[in-house]
file start_17.txt (compact mmCIF, C-alpha atoms)
# COMPACT_ATOMS: atom_id res chain seq x y z
CA MET H 17 22.46 6.77 193.40
CA ALA H 18 20.52 3.51 193.79
CA LYS H 19 17.24 2.87 192.01
CA GLN H 20 14.01 3.41 193.93
CA LEU H 21 13.04 0.23 195.77
CA ASP H 22 9.59 -1.26 195.25
CA TYR H 23 6.72 -1.16 197.74
CA HIS H 24 7.14 -4.66 199.14
CA THR H 25 10.87 -4.26 199.75
CA ILE H 26 10.36 -0.93 201.51
CA ARG H 27 7.60 -2.42 203.65
CA GLU H 28 9.90 -5.25 204.71
CA ILE H 29 12.71 -2.78 205.51
CA PHE H 30 10.54 -0.72 207.81
CA THR H 31 8.97 -3.80 209.36
CA ARG H 32 12.49 -4.78 210.39
CA PHE H 33 13.32 -1.30 211.65
CA GLN H 34 10.12 -1.35 213.70
CA ALA H 35 10.91 -4.79 215.15
CA VAL H 36 14.29 -3.56 216.37
CA ASP H 37 12.99 -0.25 217.77
CA PRO H 38 9.17 0.11 217.90
CA GLU H 39 9.21 3.70 219.21
CA PRO H 40 12.35 5.49 218.00
CA LYS H 41 13.05 8.83 219.62
CA GLY H 42 15.04 11.88 218.66
CA GLU H 43 18.23 12.22 220.68
CA LEU H 44 18.05 15.96 221.41
CA ASP H 45 17.08 16.75 224.99
CA HIS H 46 14.21 19.20 225.50
CA VAL H 47 11.55 20.00 228.07
CA ASN H 48 8.88 21.62 225.88
CA VAL H 49 8.26 22.64 222.29
CA TYR H 50 10.19 25.89 222.65
CA THR H 51 13.34 24.16 223.91
CA LEU H 52 12.92 21.60 221.12
CA VAL H 53 12.99 24.41 218.53
CA VAL H 54 16.10 25.88 220.15
CA ALA H 55 17.86 22.51 220.45
CA VAL H 56 17.23 21.58 216.81
CA ALA H 57 18.34 25.02 215.62
CA LEU H 58 21.55 24.65 217.64
CA SER H 59 22.21 21.19 216.21
CA ALA H 60 23.19 22.45 212.76
CA GLN H 61 26.81 21.38 212.14
CA ALA H 62 26.98 19.99 215.67
CA THR H 63 26.36 16.61 217.28
CA ASP H 64 23.29 15.89 219.38
CA VAL H 65 25.60 14.89 222.25
CA GLY H 66 27.37 18.24 222.04
CA VAL H 67 24.11 20.18 221.92
CA ASN H 68 22.68 18.27 224.88
CA LYS H 69 25.79 19.06 226.92
CA ALA H 70 25.49 22.76 226.06
CA THR H 71 21.76 23.04 226.76
CA ARG H 72 21.63 20.99 229.96
CA GLU H 73 22.09 24.03 232.18
CA LEU H 74 20.68 26.54 229.69
CA PHE H 75 17.22 24.96 229.67
CA LYS H 76 17.12 24.87 233.46
CA ILE H 77 17.10 28.67 233.54
CA ALA H 78 15.64 29.54 230.11
CA ASP H 79 12.85 27.22 229.00
CA THR H 80 10.58 29.95 227.56
CA PRO H 81 11.19 32.76 225.05
CA GLU H 82 10.72 35.33 227.80
CA LYS H 83 13.37 33.72 230.03
CA MET H 84 15.76 33.41 227.10
CA LEU H 85 15.38 37.10 226.31
CA ALA H 86 16.04 37.94 229.96
CA LEU H 87 19.23 35.89 229.79
CA GLY H 88 20.39 37.85 226.76
CA GLU H 89 22.69 37.03 223.88
CA GLU H 90 25.88 37.01 225.96
CA GLY H 91 24.22 34.77 228.51
CA VAL H 92 23.24 32.32 225.79
CA ILE H 93 26.79 32.39 224.40
CA GLU H 94 28.20 31.41 227.79
CA HIS H 95 26.13 28.22 227.70
CA ILE H 96 26.58 27.22 224.05
CA LYS H 97 30.16 28.30 223.26
CA THR H 98 31.27 24.65 223.12
CA ILE H 99 29.32 24.07 219.89
CA GLY H 100 30.06 25.27 216.36
CA LEU H 101 28.94 28.70 215.12
CA TYR H 102 27.84 29.56 218.65
CA ARG H 103 27.83 33.35 218.22
CA ASN H 104 25.54 33.30 215.21
CA LYS H 105 23.36 30.64 216.84
CA ALA H 106 23.02 32.70 220.03
CA LYS H 107 21.98 35.68 217.95
CA ASN H 108 19.34 33.60 216.19
CA VAL H 109 18.03 32.16 219.46
CA ILE H 110 17.46 35.67 220.81
CA LYS H 111 15.89 36.85 217.54
CA LEU H 112 13.50 33.90 217.28
CA SER H 113 12.58 34.28 220.94
CA GLN H 114 11.71 37.94 220.37
CA ILE H 115 9.56 37.05 217.37
CA LEU H 116 7.75 34.36 219.35
CA VAL H 117 6.96 36.90 222.08
CA ASP H 118 6.00 39.74 219.71
CA GLN H 119 4.07 37.80 217.07
CA TYR H 120 2.88 34.58 218.72
CA GLY H 121 2.30 35.50 222.35
CA GLY H 122 5.24 33.39 223.44
CA ASP H 123 3.86 30.24 221.82
CA VAL H 124 5.55 28.20 219.10
CA PRO H 125 3.46 28.12 215.88
CA ASN H 126 2.79 24.76 214.27
CA SER H 127 2.82 25.40 210.55
CA ARG H 128 5.96 24.73 208.53
CA ALA H 129 5.88 28.19 206.97
CA ALA H 130 5.58 29.96 210.33
CA LEU H 131 8.39 27.87 211.81
CA GLU H 132 10.63 28.49 208.80
CA SER H 133 10.13 32.24 209.21
CA LEU H 134 12.04 32.10 212.51
CA PRO H 135 15.77 32.97 212.38
CA GLY H 136 17.94 29.86 212.31
CA VAL H 137 15.01 27.56 211.56
CA GLY H 138 15.08 25.87 208.16
CA ARG H 139 12.90 23.21 206.60
CA LYS H 140 14.68 20.37 208.39
CA THR H 141 14.30 22.01 211.80
CA ALA H 142 10.64 22.78 211.12
CA ASN H 143 9.98 19.18 210.09
CA VAL H 144 11.68 17.81 213.22
CA VAL H 145 9.51 20.00 215.45
CA LEU H 146 6.30 19.16 213.58
CA ASN H 147 7.09 15.46 213.79
CA MET H 148 8.40 15.18 217.34
CA TRP H 149 6.05 17.57 219.09
CA TRP H 150 2.85 17.53 217.06
CA HIS H 151 3.24 13.99 215.67
CA TYR H 152 2.75 15.19 212.11
CA PRO H 153 4.51 12.83 209.65
CA ALA H 154 6.97 15.45 208.43
CA GLN H 155 10.27 14.05 207.19
CA ALA H 156 13.43 15.85 208.32
CA VAL H 157 16.18 14.89 205.87
CA ASP H 158 19.70 15.20 207.28
CA THR H 159 23.03 13.88 206.00
CA HIS H 160 22.38 10.42 207.48
CA ILE H 161 19.03 10.03 205.70
CA PHE H 162 20.40 11.46 202.46
CA ARG H 163 23.26 8.95 202.50
CA LEU H 164 21.10 5.98 203.50
CA GLY H 165 18.31 6.85 201.06
CA ASN H 166 20.66 7.05 198.10
CA ARG H 167 22.79 4.04 199.04
CA SER H 168 19.92 1.69 199.76
CA GLY H 169 17.24 2.83 197.34
CA ILE H 170 14.75 3.56 200.10
CA CYS H 171 14.42 7.20 199.07
CA PRO H 172 16.96 8.24 196.43
CA GLY H 173 17.12 11.86 195.34
CA LYS H 174 19.54 14.49 194.07
CA ASP H 175 18.82 16.89 196.93
CA VAL H 176 17.14 16.88 200.33
CA VAL H 177 13.78 18.02 198.97
CA ALA H 178 13.77 15.17 196.43
CA VAL H 179 14.64 12.68 199.19
CA GLU H 180 11.90 14.11 201.40
CA ARG H 181 9.39 13.69 198.57
CA ALA H 182 10.58 10.11 197.95
CA ILE H 183 9.98 9.28 201.62
CA GLU H 184 6.48 10.73 201.48
CA ASP H 185 5.68 9.02 198.18
CA HIS H 186 7.13 5.56 198.73
CA ILE H 187 7.16 4.68 202.43
CA PRO H 188 3.83 3.14 203.54
CA VAL H 189 1.79 5.54 205.65
CA ASP H 190 1.77 3.30 208.72
CA PHE H 191 5.53 3.85 208.96
CA GLN H 192 5.56 7.56 208.10
CA GLN H 193 5.43 8.86 211.68
CA HIS H 194 8.72 7.28 212.69
CA ALA H 195 10.34 6.92 209.25
CA HIS H 196 12.91 9.70 209.58
CA HIS H 197 13.91 8.61 213.09
CA TRP H 198 14.51 5.02 211.99
CA MET H 199 16.59 6.23 209.06
CA ILE H 200 18.58 8.77 211.08
CA LEU H 201 19.48 6.17 213.70
CA HIS H 202 20.33 3.56 211.06
CA GLY H 203 22.50 6.06 209.18
CA ARG H 204 24.14 7.31 212.36
CA TYR H 205 25.06 3.94 213.85
CA THR H 206 25.02 1.32 211.06
CA CYS H 207 25.07 2.82 207.56
CA VAL H 208 27.89 5.18 208.50
CA ALA H 209 29.72 7.29 205.95
CA ARG H 210 33.15 5.72 205.58
CA LYS H 211 32.82 2.07 206.59
CA PRO H 212 29.16 1.04 206.74
CA LYS H 213 28.56 -1.86 209.11
CA CYS H 214 26.89 -4.07 206.51
CA GLY H 215 27.80 -7.24 208.43
CA VAL H 216 25.37 -6.36 211.23
CA CYS H 217 22.79 -4.53 209.10
CA VAL H 218 19.21 -5.81 209.47
CA ILE H 219 18.37 -4.84 205.88
CA ARG H 220 21.60 -6.04 204.25
CA GLU H 221 20.03 -8.30 201.58
CA LEU H 222 17.32 -5.72 200.80
CA CYS H 223 19.70 -2.82 200.28
CA GLN H 224 21.01 -1.91 196.82
CA PHE H 225 24.38 -0.59 198.02
CA GLU H 226 26.92 -2.31 195.77
CA ASP H 227 30.04 -1.83 197.92
CA LYS H 228 28.85 -3.79 200.94
CA THR H 229 31.37 -4.41 203.69
CA GLU H 230 31.64 -7.54 205.76
call {"tool": "encode", "arguments": {"input": "start_17.txt", "output": "structure tokens"}}
result
Amino acid sequence: MAKQLDYHTIREIFTRFQAVDPEPKGELDHVNVYTLVVAVALSAQATDVGVNKATRELFKIADTPEKMLALGEEGVIEHIKTIGLYRNKAKNVIKLSQILVDQYGGDVPNSRAALESLPGVGRKTANVVLNMWWHYPAQAVDTHIFRLGNRSGICPGKDVVAVERAIEDHIPVDFQQHAHHWMILHGRYTCVARKPKCGVCVIRELCQFEDKTE
């Protein structure tokens, strides 16, 4: 685990991220907040590309909790069976849809606690939805951010909650809205797990990773 970087270094890192991609976006396709919740819940242990392929037709016919319930669990399975853990995920999609109808009038609530109470929705999923839909600077820590944060010193921590806190505590507030998207994309495409692409990294000389590649 790298040491926590100082304020000025972190500001320079995110200035560079912003220069490369001023408005980073999540890569999960969705048409409204409900389909965003479903897409993020389905993305656990699956790639965004795989989820988008599975939901392309699903969201055309089921873009509300009511329509998803009408489709039924077996109907959901038929659309998402190409992604991992599809049976359990289909069950959770139907359960969370029923809760949204019964307890929230079909609307998606916008508190972290209420979102986390939905089946299949954990803290990371809740943070993604709060950030992407309601533009609240919640930080969704996935494996890419955890790896990048600990390698570079941007936001080191022993677990995802510690990394999330480090992001909130150390990244300047003017970068907070897009911070997790910049880090996810950097971890996904540049600071990859096995052979990080340090030779083309825009923050190479600012990063504390000792085993830099060429």
call {"tool": "residues_around", "arguments": {"input": "start_17.txt", "residues": "Val117 (chain H)", "least_positions_apart": "4", "cutoff": "8 Å", "atoms": "only C-alpha atoms", "output": "PyMOL selection string"}}
result
chain H and resi 81-82+113+121-123
call {"tool": "atom_distance", "arguments": {"input": "start_17.txt", "atom1": "CA of Val54 (chain H)", "atom2": "CA of Glu39 (chain H)"}}
result
23.2 Å
call {"tool": "closest_residue", "arguments": {"input": "start_17.txt", "among": "H:Lys174, H:Arg167, H:Lys107, H:Arg139", "to": "Ser127 (chain H)", "atoms": "all atoms listed in the file"}}
result
H:Arg139
call {"tool": "residues_around", "arguments": {"input": "start_17.txt", "residues": "Ile110 (chain H)", "least_positions_apart": "5", "cutoff": "12 Å", "atoms": "only C-alpha atoms", "output": "PyMOL selection string"}}
result
chain H and resi 54+57+78+80-93+103-105+115-117+134-136
call {"tool": "residues_around", "arguments": {"input": "start_17.txt", "residues": "region 192-202 of chain H", "least_positions_apart": "6", "cutoff": "10 Å", "atoms": "all atoms listed in the file", "output": "VMD selection string"}}
result
chain H and resid 30 33 to 34 36 to 43 143 to 144 147 to 148 151 to 165 170 180 183 to 184 186 208 217 to 218
call {"tool": "atom_distance", "arguments": {"input": "start_17.txt", "atom1": "CA of Ala209 (chain H)", "atom2": "CA of Met17 (chain H)"}}
result
14.5 Å
